[in-house]
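A.B. asks: As input, take model_13.txt (compact mmCIF, C-alpha atoms and all ligand atoms):
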```txt
# COMPACT_ATOMS: atom_id res chain seq x y z
CA GLN L 22 6.81 -17.69 -8.47
CA PRO L 23 4.31 -15.24 -6.95
CA ILE L 24 5.69 -12.35 -4.90
CA VAL L 25 2.69 -12.55 -2.57
CA GLU L 26 0.73 -15.74 -1.95
CA LEU L 27 -2.23 -16.29 0.35
CA ASP L 28 -3.00 -19.93 0.98
CA GLY L 29 -6.19 -20.75 2.85
CA VAL L 30 -6.07 -17.49 4.77
CA SER L 31 -8.78 -16.71 7.30
CA LYS L 32 -8.95 -13.87 9.79
CA THR L 33 -11.40 -13.77 12.66
CA TYR L 34 -11.70 -10.82 15.02
CA GLY L 35 -13.07 -11.20 18.55
CA HIS L 36 -14.88 -14.24 19.87
CA GLY L 37 -18.29 -15.46 20.96
CA ASP L 38 -21.12 -13.12 20.07
CA THR L 39 -18.79 -10.42 18.77
CA ARG L 40 -16.90 -12.76 16.45
CA VAL L 41 -16.36 -11.33 12.97
CA ARG L 42 -15.01 -13.47 10.15
CA ALA L 43 -13.24 -10.77 8.13
CA LEU L 44 -11.48 -13.19 5.72
CA LYS L 45 -12.72 -16.68 4.86
CA ASN L 46 -10.31 -19.13 3.28
CA ILE L 47 -8.65 -16.75 0.81
CA ASN L 48 -6.41 -18.21 -1.89
CA VAL L 49 -4.70 -15.75 -4.18
CA SER L 50 -1.31 -15.24 -5.83
CA LEU L 51 0.02 -11.83 -6.84
CA TYR L 52 2.91 -11.47 -9.24
CA LYS L 53 5.90 -9.16 -9.49
CA GLY L 54 5.26 -6.11 -11.64
CA GLN L 55 1.52 -6.41 -11.26
CA PHE L 56 -0.69 -3.52 -10.16
CA THR L 57 -3.62 -5.06 -8.30
CA SER L 58 -6.69 -3.24 -7.04
CA ILE L 59 -8.70 -4.77 -4.23
CA MET L 60 -12.30 -3.60 -4.45
CA GLY L 61 -15.51 -4.38 -2.61
CA PRO L 62 -18.12 -2.90 -0.31
CA SER L 63 -17.28 -1.34 3.05
CA GLY L 64 -16.63 -4.00 5.69
CA SER L 65 -15.89 -6.72 3.11
CA GLY L 66 -12.34 -7.39 4.37
CA LYS L 67 -10.20 -5.28 2.02
CA SER L 68 -8.12 -3.54 4.70
CA THR L 69 -7.73 -6.78 6.65
CA MET L 70 -6.36 -8.44 3.51
CA LEU L 71 -3.87 -5.61 3.00
CA HIS L 72 -2.84 -5.75 6.68
CA VAL L 73 -2.13 -9.48 6.69
CA ILE L 74 -0.22 -9.23 3.39
CA ALA L 75 1.94 -6.46 4.83
CA GLY L 76 2.58 -8.40 8.04
CA LEU L 77 0.79 -5.82 10.19
CA ASP L 78 -1.68 -8.38 11.44
CA ASN L 79 -1.58 -12.19 11.78
CA PRO L 80 -4.10 -14.37 10.00
CA THR L 81 -6.09 -16.76 12.21
CA ARG L 82 -5.46 -19.58 9.76
CA GLY L 83 -3.51 -20.18 6.54
CA THR L 84 -0.14 -19.20 5.15
CA ILE L 85 1.14 -15.94 3.67
CA THR L 86 4.30 -15.97 1.60
CA VAL L 87 6.02 -12.70 0.70
CA ASP L 88 8.96 -12.76 -1.69
CA GLY L 89 9.52 -16.44 -0.96
CA VAL L 90 9.36 -16.02 2.84
CA ASP L 91 6.57 -17.57 4.91
CA ILE L 92 5.72 -14.54 7.06
CA THR L 93 3.10 -16.32 9.18
CA HIS L 94 5.83 -17.82 11.33
CA LEU L 95 8.17 -14.86 11.59
CA LYS L 96 9.00 -13.25 14.92
CA ASP L 97 8.13 -9.57 15.35
CA LYS L 98 11.70 -8.48 14.82
CA GLN L 99 12.01 -10.43 11.55
CA LEU L 100 8.65 -9.07 10.41
CA THR L 101 9.78 -5.50 11.05
CA GLU L 102 12.93 -6.21 9.07
CA LEU L 103 10.93 -7.66 6.18
CA ARG L 104 8.59 -4.67 6.12
CA ARG L 105 11.48 -2.22 6.14
CA SER L 106 13.38 -3.94 3.38
CA ARG L 107 10.57 -4.92 1.06
CA ILE L 108 7.35 -2.98 1.64
CA GLY L 109 6.31 0.64 1.13
CA PHE L 110 3.19 1.79 2.96
CA ILE L 111 0.64 4.32 1.84
CA PHE L 112 -1.89 4.21 4.66
CA GLN L 113 -4.01 7.05 5.93
CA SER L 114 -3.22 5.98 9.48
CA PHE L 115 0.53 5.95 8.88
CA ASN L 116 1.26 9.40 10.15
CA LEU L 117 4.13 11.64 9.22
CA VAL L 118 6.60 12.56 11.94
CA PRO L 119 5.50 16.07 13.01
CA THR L 120 8.85 17.26 14.37
CA ILE L 121 10.91 16.82 11.19
CA ASN L 122 10.52 18.42 7.77
CA VAL L 123 8.99 16.92 4.64
CA LEU L 124 12.30 15.84 3.09
CA ASP L 125 13.39 14.09 6.28
CA ASN L 126 10.01 12.36 6.47
CA ILE L 127 10.42 11.15 2.89
CA MET L 128 13.97 9.90 3.58
CA LEU L 129 13.10 8.19 6.86
CA PRO L 130 12.40 4.65 5.55
CA THR L 131 15.60 4.59 3.50
CA GLN L 132 17.57 5.73 6.53
CA LEU L 133 15.99 3.05 8.70
CA SER L 134 16.71 0.32 6.18
CA GLY L 135 20.07 1.66 5.05
CA THR L 136 18.96 1.78 1.41
CA LYS L 137 20.88 3.98 -0.99
CA VAL L 138 18.63 6.61 -2.53
CA ASP L 139 18.53 7.26 -6.27
CA MET L 140 18.52 11.07 -6.12
CA GLN L 141 17.15 11.40 -9.64
CA TRP L 142 14.18 9.23 -8.77
CA LEU L 143 13.68 11.16 -5.53
CA LYS L 144 13.61 14.43 -7.46
CA LYS L 145 11.20 12.98 -10.01
CA VAL L 146 8.82 11.69 -7.31
CA VAL L 147 8.90 14.94 -5.34
CA ASP L 148 8.44 16.97 -8.52
CA SER L 149 5.55 15.04 -9.96
CA LEU L 150 3.77 15.12 -6.61
CA GLY L 151 4.18 18.91 -6.47
CA LEU L 152 6.23 18.87 -3.27
CA THR L 153 9.43 20.54 -4.45
CA THR L 154 8.73 23.86 -2.72
CA ARG L 155 7.55 22.16 0.49
CA LEU L 156 10.57 20.05 1.38
CA LYS L 157 11.70 22.30 4.24
CA HIS L 158 8.22 22.62 5.74
CA ARG L 159 6.91 20.68 8.70
CA PRO L 160 3.94 18.39 7.93
CA SER L 161 1.63 20.65 9.98
CA GLU L 162 2.32 23.48 7.53
CA LEU L 163 0.87 21.45 4.66
CA SER L 164 -2.70 20.85 3.59
CA GLY L 165 -4.20 17.38 4.09
CA GLY L 166 -3.76 16.63 0.42
CA GLN L 167 -0.12 17.63 0.50
CA GLN L 168 0.51 15.50 3.58
CA GLN L 169 -0.96 12.55 1.78
CA ARG L 170 1.37 13.15 -1.15
CA VAL L 171 4.33 13.21 1.27
CA ALA L 172 3.22 9.76 2.46
CA VAL L 173 3.17 8.59 -1.17
CA ALA L 174 6.66 9.96 -1.80
CA ARG L 175 7.91 8.34 1.42
CA ALA L 176 6.62 4.95 0.27
CA LEU L 177 8.21 5.29 -3.18
CA VAL L 178 11.75 6.64 -2.71
CA SER L 179 13.40 3.43 -1.59
CA ARG L 180 11.75 1.51 -4.46
CA PRO L 181 10.44 -1.29 -2.27
CA ALA L 182 9.52 -4.52 -4.03
CA ILE L 183 5.94 -4.18 -2.81
CA ILE L 184 3.83 -1.09 -2.26
CA VAL L 185 0.63 -1.49 -0.27
CA ALA L 186 -1.80 1.40 -0.51
CA ASP L 187 -5.11 1.84 1.28
CA GLU L 188 -7.28 4.38 -0.58
CA PRO L 189 -4.18 6.39 -1.58
CA THR L 190 -6.28 8.95 -3.44
CA GLY L 191 -9.06 9.11 -0.87
CA ASN L 192 -8.73 12.78 0.08
CA LEU L 193 -7.32 14.09 -3.18
CA ASP L 194 -8.85 16.20 -5.92
CA SER L 195 -8.97 14.52 -9.33
CA LYS L 196 -5.85 16.20 -10.71
CA THR L 197 -3.71 15.26 -7.71
CA SER L 198 -5.27 11.83 -7.66
CA ASP L 199 -4.20 11.30 -11.28
CA GLU L 200 -0.65 12.36 -10.39
CA VAL L 201 -0.47 9.86 -7.55
CA LEU L 202 -1.81 7.05 -9.73
CA ALA L 203 0.61 7.96 -12.53
CA ILE L 204 3.63 7.72 -10.23
CA LEU L 205 2.41 4.36 -8.86
CA ARG L 206 1.95 3.16 -12.43
CA GLN L 207 5.49 4.31 -13.22
CA ALA L 208 6.84 2.39 -10.22
CA VAL L 209 5.35 -0.75 -11.75
CA ASP L 210 6.23 -0.12 -15.39
CA GLU L 211 9.76 1.24 -15.00
CA PHE L 212 11.02 -0.50 -11.89
CA GLY L 213 8.96 -3.70 -11.80
CA GLN L 214 7.55 -2.90 -8.38
CA THR L 215 4.36 -4.59 -7.26
CA VAL L 216 1.45 -2.41 -6.16
CA ILE L 217 -1.48 -3.67 -4.11
CA MET L 218 -4.11 -0.98 -3.68
CA VAL L 219 -7.44 -0.91 -1.90
CA THR L 220 -9.98 1.38 -3.51
CA HIS L 221 -13.74 1.58 -3.80
CA ASN L 222 -13.51 3.87 -6.80
CA PRO L 223 -13.75 2.12 -10.21
CA SER L 224 -12.12 5.04 -12.01
CA VAL L 225 -9.12 4.75 -9.67
CA ALA L 226 -8.95 0.97 -10.18
CA LYS L 227 -8.74 1.54 -13.95
CA VAL L 228 -5.01 2.19 -13.58
CA SER L 229 -4.44 -1.38 -12.34
CA ASP L 230 -3.69 -4.59 -14.25
CA ARG L 231 -5.87 -6.77 -12.12
CA VAL L 232 -8.97 -6.30 -9.99
CA VAL L 233 -9.74 -8.60 -7.07
CA VAL L 234 -13.26 -8.09 -5.75
CA VAL L 235 -13.84 -9.03 -2.13
CA ALA L 236 -17.29 -9.39 -0.59
CA ASP L 237 -18.11 -10.75 2.84
CA GLY L 238 -14.57 -12.01 3.38
CA THR L 239 -14.32 -14.04 0.17
CA ILE L 240 -13.06 -13.34 -3.33
CA LYS L 241 -16.04 -12.79 -5.59
CA ALA L 242 -14.18 -11.95 -8.78
CA ASP L 243 -10.58 -11.84 -9.94
CA MET L 244 -9.97 -10.32 -13.33
CA VAL L 245 -6.79 -9.55 -15.19
CA GLY L 246 -7.07 -6.90 -17.87
CA ALA L 247 -10.74 -6.20 -17.30
CA THR L 248 -12.21 -2.79 -16.62
CA PRO L 249 -13.57 -2.42 -13.09
CA GLU L 250 -17.00 -1.62 -14.54
CA GLN L 251 -17.09 -5.11 -16.03
CA VAL L 252 -16.19 -6.65 -12.70
CA ILE L 253 -18.66 -4.98 -10.34
P1 LIG L 301 -13.02 -3.04 4.47
O1 LIG L 301 -11.60 -2.60 4.41
O2 LIG L 301 -13.46 -3.79 3.26
O3 LIG L 301 -13.98 -1.94 4.81
P2 LIG L 301 -12.21 -4.38 6.92
O4 LIG L 301 -11.16 -5.34 6.55
O5 LIG L 301 -11.82 -3.09 7.54
O6 LIG L 301 -13.14 -4.12 5.64
O7 LIG L 301 -13.23 -5.09 7.91
C1 LIG L 301 -13.79 -6.40 7.66
C2 LIG L 301 -14.67 -6.78 8.85
O8 LIG L 301 -13.85 -6.96 10.01
C3 LIG L 301 -15.69 -5.72 9.22
O9 LIG L 301 -16.86 -6.38 9.65
C4 LIG L 301 -15.03 -4.99 10.36
O10 LIG L 301 -16.00 -4.44 11.20
C5 LIG L 301 -14.25 -6.07 11.04
N1 LIG L 301 -13.02 -5.56 11.68
C6 LIG L 301 -11.98 -4.94 11.07
N2 LIG L 301 -11.00 -4.64 11.94
C7 LIG L 301 -11.44 -5.11 13.15
C8 LIG L 301 -10.88 -5.12 14.46
N3 LIG L 301 -9.67 -4.61 14.72
N4 LIG L 301 -11.61 -5.68 15.45
C9 LIG L 301 -12.82 -6.21 15.22
N5 LIG L 301 -13.40 -6.25 14.01
C10 LIG L 301 -12.72 -5.70 12.98
P1 LIG L 302 -4.83 20.21 -1.41
O1 LIG L 302 -5.25 19.44 -0.23
O2 LIG L 302 -5.44 19.72 -2.70
O3 LIG L 302 -3.36 20.43 -1.53
P2 LIG L 302 -6.20 22.42 -0.08
O4 LIG L 302 -7.45 22.98 -0.66
O5 LIG L 302 -6.28 21.62 1.14
O6 LIG L 302 -5.44 21.68 -1.27
O7 LIG L 302 -5.18 23.61 0.18
C1 LIG L 302 -4.94 24.56 -0.84
C2 LIG L 302 -3.58 25.24 -0.55
O8 LIG L 302 -3.60 25.91 0.71
C3 LIG L 302 -2.48 24.21 -0.48
O9 LIG L 302 -1.75 24.14 -1.69
C4 LIG L 302 -1.60 24.67 0.65
O10 LIG L 302 -0.45 25.29 0.14
C5 LIG L 302 -2.39 25.68 1.41
N1 LIG L 302 -2.70 25.16 2.75
C6 LIG L 302 -3.76 24.43 3.14
N2 LIG L 302 -3.73 24.14 4.43
C7 LIG L 302 -2.61 24.71 4.91
C8 LIG L 302 -1.99 24.77 6.20
N3 LIG L 302 -2.51 24.18 7.28
N4 LIG L 302 -0.81 25.43 6.30
C9 LIG L 302 -0.26 26.02 5.23
N5 LIG L 302 -0.79 26.00 4.00
C10 LIG L 302 -1.95 25.36 3.83
```
Produce structure tokens that represent the structure in this file.
C.D. replies:
Amino acid sequence: QPIVELDGVSKTYGHGDTRVRALKNINVSLYKGQFTSIMGPSGSGKSTMLHVIAGLDNPTRGTITVDGVDITHLKDKQLTELRRSRIGFIFQSFNLVPTINVLDNIMLPTQLSGTKVDMQWLKKVVDSLGLTTRLKHRPSELSGGQQQRVAVARALVSRPAIIVADEPTGNLDSKTSDEVLAILRQAVDEFGQTVIMVTHNPSVAKVSDRVVVVADGTIKADMVGATPEQVI
């Protein structure tokens, strides 16, 4: 059974002359323990796809099933609960809380969901993202790249079943970018988590098991075990 399933999903923004069909009848199943990259040109619908999967936005048509639950008919409260218990977010727009330190930011989702934290895993995540000496700092005392790594750590500590990431290495130098991808890879390989990542960078997508190419709101290619260069 797929952990995420999109069945006839369409998303239209606006109406009349300003109508934009961001997703057009998307059918796709993603499986547990799979690292999927969503690629495609700017404006092709990648972020919209990630948003509807994560229950941040409703599709106009179709059904989305997450971990066996049809999320298209959930009430806001149930959606929030599902996100907290099952999904880790690495989004550039998901800001850190400025008034609390890095460690508290990282622990926030587990506190909200009441998840017990594996301290060894926390230490490993923080260490491999180079944040160990920054835990007591406020986010504003960190560079942009460090703040992004805090967001990665925050998404990983509770070991959510699904991690959705929108350009998680977008502002990072290549060394830091490799570290972030390695820890995401580890989340999949060691803990069977499912990663769904939007990227436009083929060398970033190389880390994934599957590449779904979106263009103009439809899936143009869907390849398991292929290199991104072969796909685009
Ligand atoms: P990508 O992530 O591939 O760049 P998006 O999913 O962000 O693509 O956007 C797909 C299309 O939907 C684009 O034409 C974009 O302009 C439009 N779009 C995205 N979000 C909105 C919105 N909130 N309101 C209106 N149009 C939107
Ligand atoms: P990166 O984003 O790859 O971490 P930067 O070039 O942005 O690196 O920053 C280099 C170093 O400067 C960082 O390791 C960080 O310690 C420090 N730094 C950058 N911006 C700030 C800031 N606003 N406050 C404190 N230290 C900063």
A.B. asks: For L:Gly238, which of L:His221, L:Arg42, L:His36, L:Arg206 is the closest residue, counting all atoms listed in the file?
C.D. replies: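 Closest to L:Gly238, using all atoms listed in the file: L:Arg42.
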A.B. asks: So how many Å separate atom CA of L:Glu26 and atom CA of L:Thr57, to one decimal?
C.D. replies: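 Atom-to-atom, atom CA of L:Glu26 to atom CA of L:Thr57, that is 13.2 Å.
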A.B. asks: Which is closer to ligand LIG 302 (chain L) than all the others in L:Ala208, L:Glu200, L:Ser164, L:Met218, using only C-alpha atoms and all ligand atoms?
C.D. replies: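 So, comparing all the options, the nearest one is L:Ser164.
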A.B. asks: How close does each residue of chain L get to ligand LIG 301 (chain L), giving the shortest atom pair and distance in Å to one decimal for every residue with an atom at most 8 Å away, counting all atoms listed in the file, sorted by chain and residue number, as a tab-separated table?
C.D. replies:
```
residue	atom	partner	partner_atom	distance
L:Thr33	CA	L:LIG301	O8	7.7
L:Tyr34	CA	L:LIG301	C9	4.7
L:Gly35	CA	L:LIG301	C9	6.0
L:Arg40	CA	L:LIG301	N5	7.8
L:Val41	CA	L:LIG301	O8	5.8
L:Arg42	CA	L:LIG301	O8	6.6
L:Ala43	CA	L:LIG301	O8	4.3
L:Leu44	CA	L:LIG301	C1	7.4
L:Met60	CA	L:LIG301	O2	7.8
L:Gly61	CA	L:LIG301	O2	6.2
L:Pro62	CA	L:LIG301	O2	5.9
L:Ser63	CA	L:LIG301	O3	3.8
L:Gly64	CA	L:LIG301	O3	3.5
L:Ser65	CA	L:LIG301	O2	3.8
L:Gly66	CA	L:LIG301	O4	3.2
L:Lys67	CA	L:LIG301	O2	3.8
L:Ser68	CA	L:LIG301	O1	3.6
L:Thr69	CA	L:LIG301	O4	3.7
L:Met70	CA	L:LIG301	O4	6.5
L:Val219	CA	L:LIG301	O1	7.7
L:Val235	CA	L:LIG301	O2	7.5
L:Ala236	CA	L:LIG301	O2	7.8
L:Asp237	CA	L:LIG301	C1	7.8
L:Gly238	CA	L:LIG301	C1	7.1
```
A.B. asks: Would you export the selected residues with C-alpha atoms as a PDB file, in the frame of the given file, please?
C.D. replies:
```pdb
ATOM      1  CA  THR L  33     -11.400 -13.770  12.660  1.00  0.00           C
ATOM      2  CA  TYR L  34     -11.700 -10.820  15.020  1.00  0.00           C
ATOM      3  CA  GLY L  35     -13.070 -11.200  18.550  1.00  0.00           C
ATOM      4  CA  ARG L  40     -16.900 -12.760  16.450  1.00  0.00           C
ATOM      5  CA  VAL L  41     -16.360 -11.330  12.970  1.00  0.00           C
ATOM      6  CA  ARG L  42     -15.010 -13.470  10.150  1.00  0.00           C
ATOM      7  CA  ALA L  43     -13.240 -10.770   8.130  1.00  0.00           C
ATOM      8  CA  LEU L  44     -11.480 -13.190   5.720  1.00  0.00           C
ATOM      9  CA  MET L  60     -12.300  -3.600  -4.450  1.00  0.00           C
ATOM     10  CA  GLY L  61     -15.510  -4.380  -2.610  1.00  0.00           C
ATOM     11  CA  PRO L  62     -18.120  -2.900  -0.310  1.00  0.00           C
ATOM     12  CA  SER L  63     -17.280  -1.340   3.050  1.00  0.00           C
ATOM     13  CA  GLY L  64     -16.630  -4.000   5.690  1.00  0.00           C
ATOM     14  CA  SER L  65     -15.890  -6.720   3.110  1.00  0.00           C
ATOM     15  CA  GLY L  66     -12.340  -7.390   4.370  1.00  0.00           C
ATOM     16  CA  LYS L  67     -10.200  -5.280   2.020  1.00  0.00           C
ATOM     17  CA  SER L  68      -8.120  -3.540   4.700  1.00  0.00           C
ATOM     18  CA  THR L  69      -7.730  -6.780   6.650  1.00  0.00           C
ATOM     19  CA  MET L  70      -6.360  -8.440   3.510  1.00  0.00           C
ATOM     20  CA  VAL L 219      -7.440  -0.910  -1.900  1.00  0.00           C
ATOM     21  CA  VAL L 235     -13.840  -9.030  -2.130  1.00  0.00           C
ATOM     22  CA  ALA L 236     -17.290  -9.390  -0.590  1.00  0.00           C
ATOM     23  CA  ASP L 237     -18.110 -10.750   2.840  1.00  0.00           C
ATOM     24  CA  GLY L 238     -14.570 -12.010   3.380  1.00  0.00           C
TER      25      GLY L 238
END
```
A.B. asks: Pull the neighbourhood of (14.0, -1.4, -2.2) for me: all residues within 9 Å in file coordinates, counting only C-alpha atoms, as a list of chain:residue names.
C.D. replies: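 Within 9 Å of (14.0, -1.4, -2.2), the protein and nucleic acid residues are L:Arg105, L:Ser106, L:Arg107, L:Ile108, L:Gly109, L:Thr131, L:Ser134, L:Thr136, L:Lys137, L:Leu177, L:Val178, L:Ser179, L:Arg180, L:Pro181, L:Ala182, L:Ile183.
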A.B. asks: Go ahead and save the residues from that selection, with C-alpha atoms, as a JSON list (two decimals), in the coordinates of the input.
C.D. replies:
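That gives us result_36.json:
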```json
[["chain", "number", "residue", "atom", "x", "y", "z"],
["L", 105, "ARG", "CA", 11.48, -2.22, 6.14],
["L", 106, "SER", "CA", 13.38, -3.94, 3.38],
["L", 107, "ARG", "CA", 10.57, -4.92, 1.06],
["L", 108, "ILE", "CA", 7.35, -2.98, 1.64],
["L", 109, "GLY", "CA", 6.31, 0.64, 1.13],
["L", 131, "THR", "CA", 15.60, 4.59, 3.50],
["L", 134, "SER", "CA", 16.71, 0.32, 6.18],
["L", 136, "THR", "CA", 18.96, 1.78, 1.41],
["L", 137, "LYS", "CA", 20.88, 3.98, -0.99],
["L", 177, "LEU", "CA", 8.21, 5.29, -3.18],
["L", 178, "VAL", "CA", 11.75, 6.64, -2.71],
["L", 179, "SER", "CA", 13.40, 3.43, -1.59],
["L", 180, "ARG", "CA", 11.75, 1.51, -4.46],
["L", 181, "PRO", "CA", 10.44, -1.29, -2.27],
["L", 182, "ALA", "CA", 9.52, -4.52, -4.03],
["L", 183, "ILE", "CA", 5.94, -4.18, -2.81]]
```
A.B. asks: Enumerate as a ChimeraX atom specification the residues within 10 Å of ligand LIG 302 (chain L), counting all atoms listed in the file.
C.D. replies: /L:151-152,154-155,158-170,192-198
A.B. asks: Next, dump the selected residues to file, keeping only C-alpha atoms, as a PDB file, in the coordinates of the input.
C.D. replies:
```pdb
ATOM      1  CA  GLY L 151       4.180  18.910  -6.470  1.00  0.00           C
ATOM      2  CA  LEU L 152       6.230  18.870  -3.270  1.00  0.00           C
ATOM      3  CA  THR L 154       8.730  23.860  -2.720  1.00  0.00           C
ATOM      4  CA  ARG L 155       7.550  22.160   0.490  1.00  0.00           C
ATOM      5  CA  HIS L 158       8.220  22.620   5.740  1.00  0.00           C
ATOM      6  CA  ARG L 159       6.910  20.680   8.700  1.00  0.00           C
ATOM      7  CA  PRO L 160       3.940  18.390   7.930  1.00  0.00           C
ATOM      8  CA  SER L 161       1.630  20.650   9.980  1.00  0.00           C
ATOM      9  CA  GLU L 162       2.320  23.480   7.530  1.00  0.00           C
ATOM     10  CA  LEU L 163       0.870  21.450   4.660  1.00  0.00           C
ATOM     11  CA  SER L 164      -2.700  20.850   3.590  1.00  0.00           C
ATOM     12  CA  GLY L 165      -4.200  17.380   4.090  1.00  0.00           C
ATOM     13  CA  GLY L 166      -3.760  16.630   0.420  1.00  0.00           C
ATOM     14  CA  GLN L 167      -0.120  17.630   0.500  1.00  0.00           C
ATOM     15  CA  GLN L 168       0.510  15.500   3.580  1.00  0.00           C
ATOM     16  CA  GLN L 169      -0.960  12.550   1.780  1.00  0.00           C
ATOM     17  CA  ARG L 170       1.370  13.150  -1.150  1.00  0.00           C
ATOM     18  CA  ASN L 192      -8.730  12.780   0.080  1.00  0.00           C
ATOM     19  CA  LEU L 193      -7.320  14.090  -3.180  1.00  0.00           C
ATOM     20  CA  ASP L 194      -8.850  16.200  -5.920  1.00  0.00           C
ATOM     21  CA  SER L 195      -8.970  14.520  -9.330  1.00  0.00           C
ATOM     22  CA  LYS L 196      -5.850  16.200 -10.710  1.00  0.00           C
ATOM     23  CA  THR L 197      -3.710  15.260  -7.710  1.00  0.00           C
ATOM     24  CA  SER L 198      -5.270  11.830  -7.660  1.00  0.00           C
TER      25      SER L 198
END
```
A.B. asks: Within 10 Å of L:Leu95, counting all atoms listed in the file, which residues qualify if same-chain residues fewer than 6 places away don't, as an MDAnalysis selection string?
C.D. replies: chainID L and resid 76 101 103
A.B. asks: Determine, counting all atoms listed in the file, which protein, DNA and RNA residues have an atom within 9 Å of an atom of stretch 81-85 of chain L; residues of the same chain fewer than 2 positions away are not included. Present the result as a count of residues only.
C.D. replies: 22
A.B. asks: Between atom CA of L:Thr215 and atom CA of L:Phe56, what distance in Å does the model show, to one decimal?
C.D. replies: 5.9 Å
A.B. asks: L:Val201: which residues within 8 Å, counting only C-alpha atoms, same-chain residues fewer than 5 positions away excluded, as a PyMOL selection string?
C.D. replies: chain L and resi 150+170+173+189-190
A.B. asks: In Å to one decimal, how far is atom CA of L:Gln113 from atom CA of L:Lys96?
C.D. replies: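 About the pair atom CA of L:Lys96 and atom CA of L:Gln113: they are 25.7 Å apart.
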A.B. asks: Which one is closest to L:Arg104: L:Gly191, L:Lys241, L:Gly213, L:Pro130? Count all atoms listed in the file.
C.D. replies: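 Closest to L:Arg104, using all atoms listed in the file: L:Pro130.
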A.B. asks: Please, what is the axis-aligned box for every listed atom of stretch 123-140 of chain L with 6 Å on each side, as centre and edge lengths in Å to one decimal, as AutoDock Vina command-line options?
C.D. replies:
```
--center_x 14.9 --center_y 8.6 --center_z 1.2 --size_x 23.9 --size_y 28.6 --size_z 27.0
```
A.B. asks: Out of L:Met140, L:Val225, L:Ile24, L:Ala174, which residue has the shortest atom-to-atom distance to L:Ile127 when counting only C-alpha atoms?
C.D. replies: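 Checking each candidate against L:Ile127, we get L:Ala174 as the closest.
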A.B. asks: Determine the nearest neighbour of L:Leu129 from the options L:Val234, L:Val147, L:Ala172, L:Met244, counting only C-alpha atoms.
C.D. replies: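 Under the stated criterion, the closest residue is L:Ala172.
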A.B. asks: Of the candidates L:Leu100, L:Leu205, L:Arg175, L:Trp142, which one gets nearest to L:Val118 if we count only C-alpha atoms?
C.D. replies: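 Closest to L:Val118, using only C-alpha atoms: L:Arg175.
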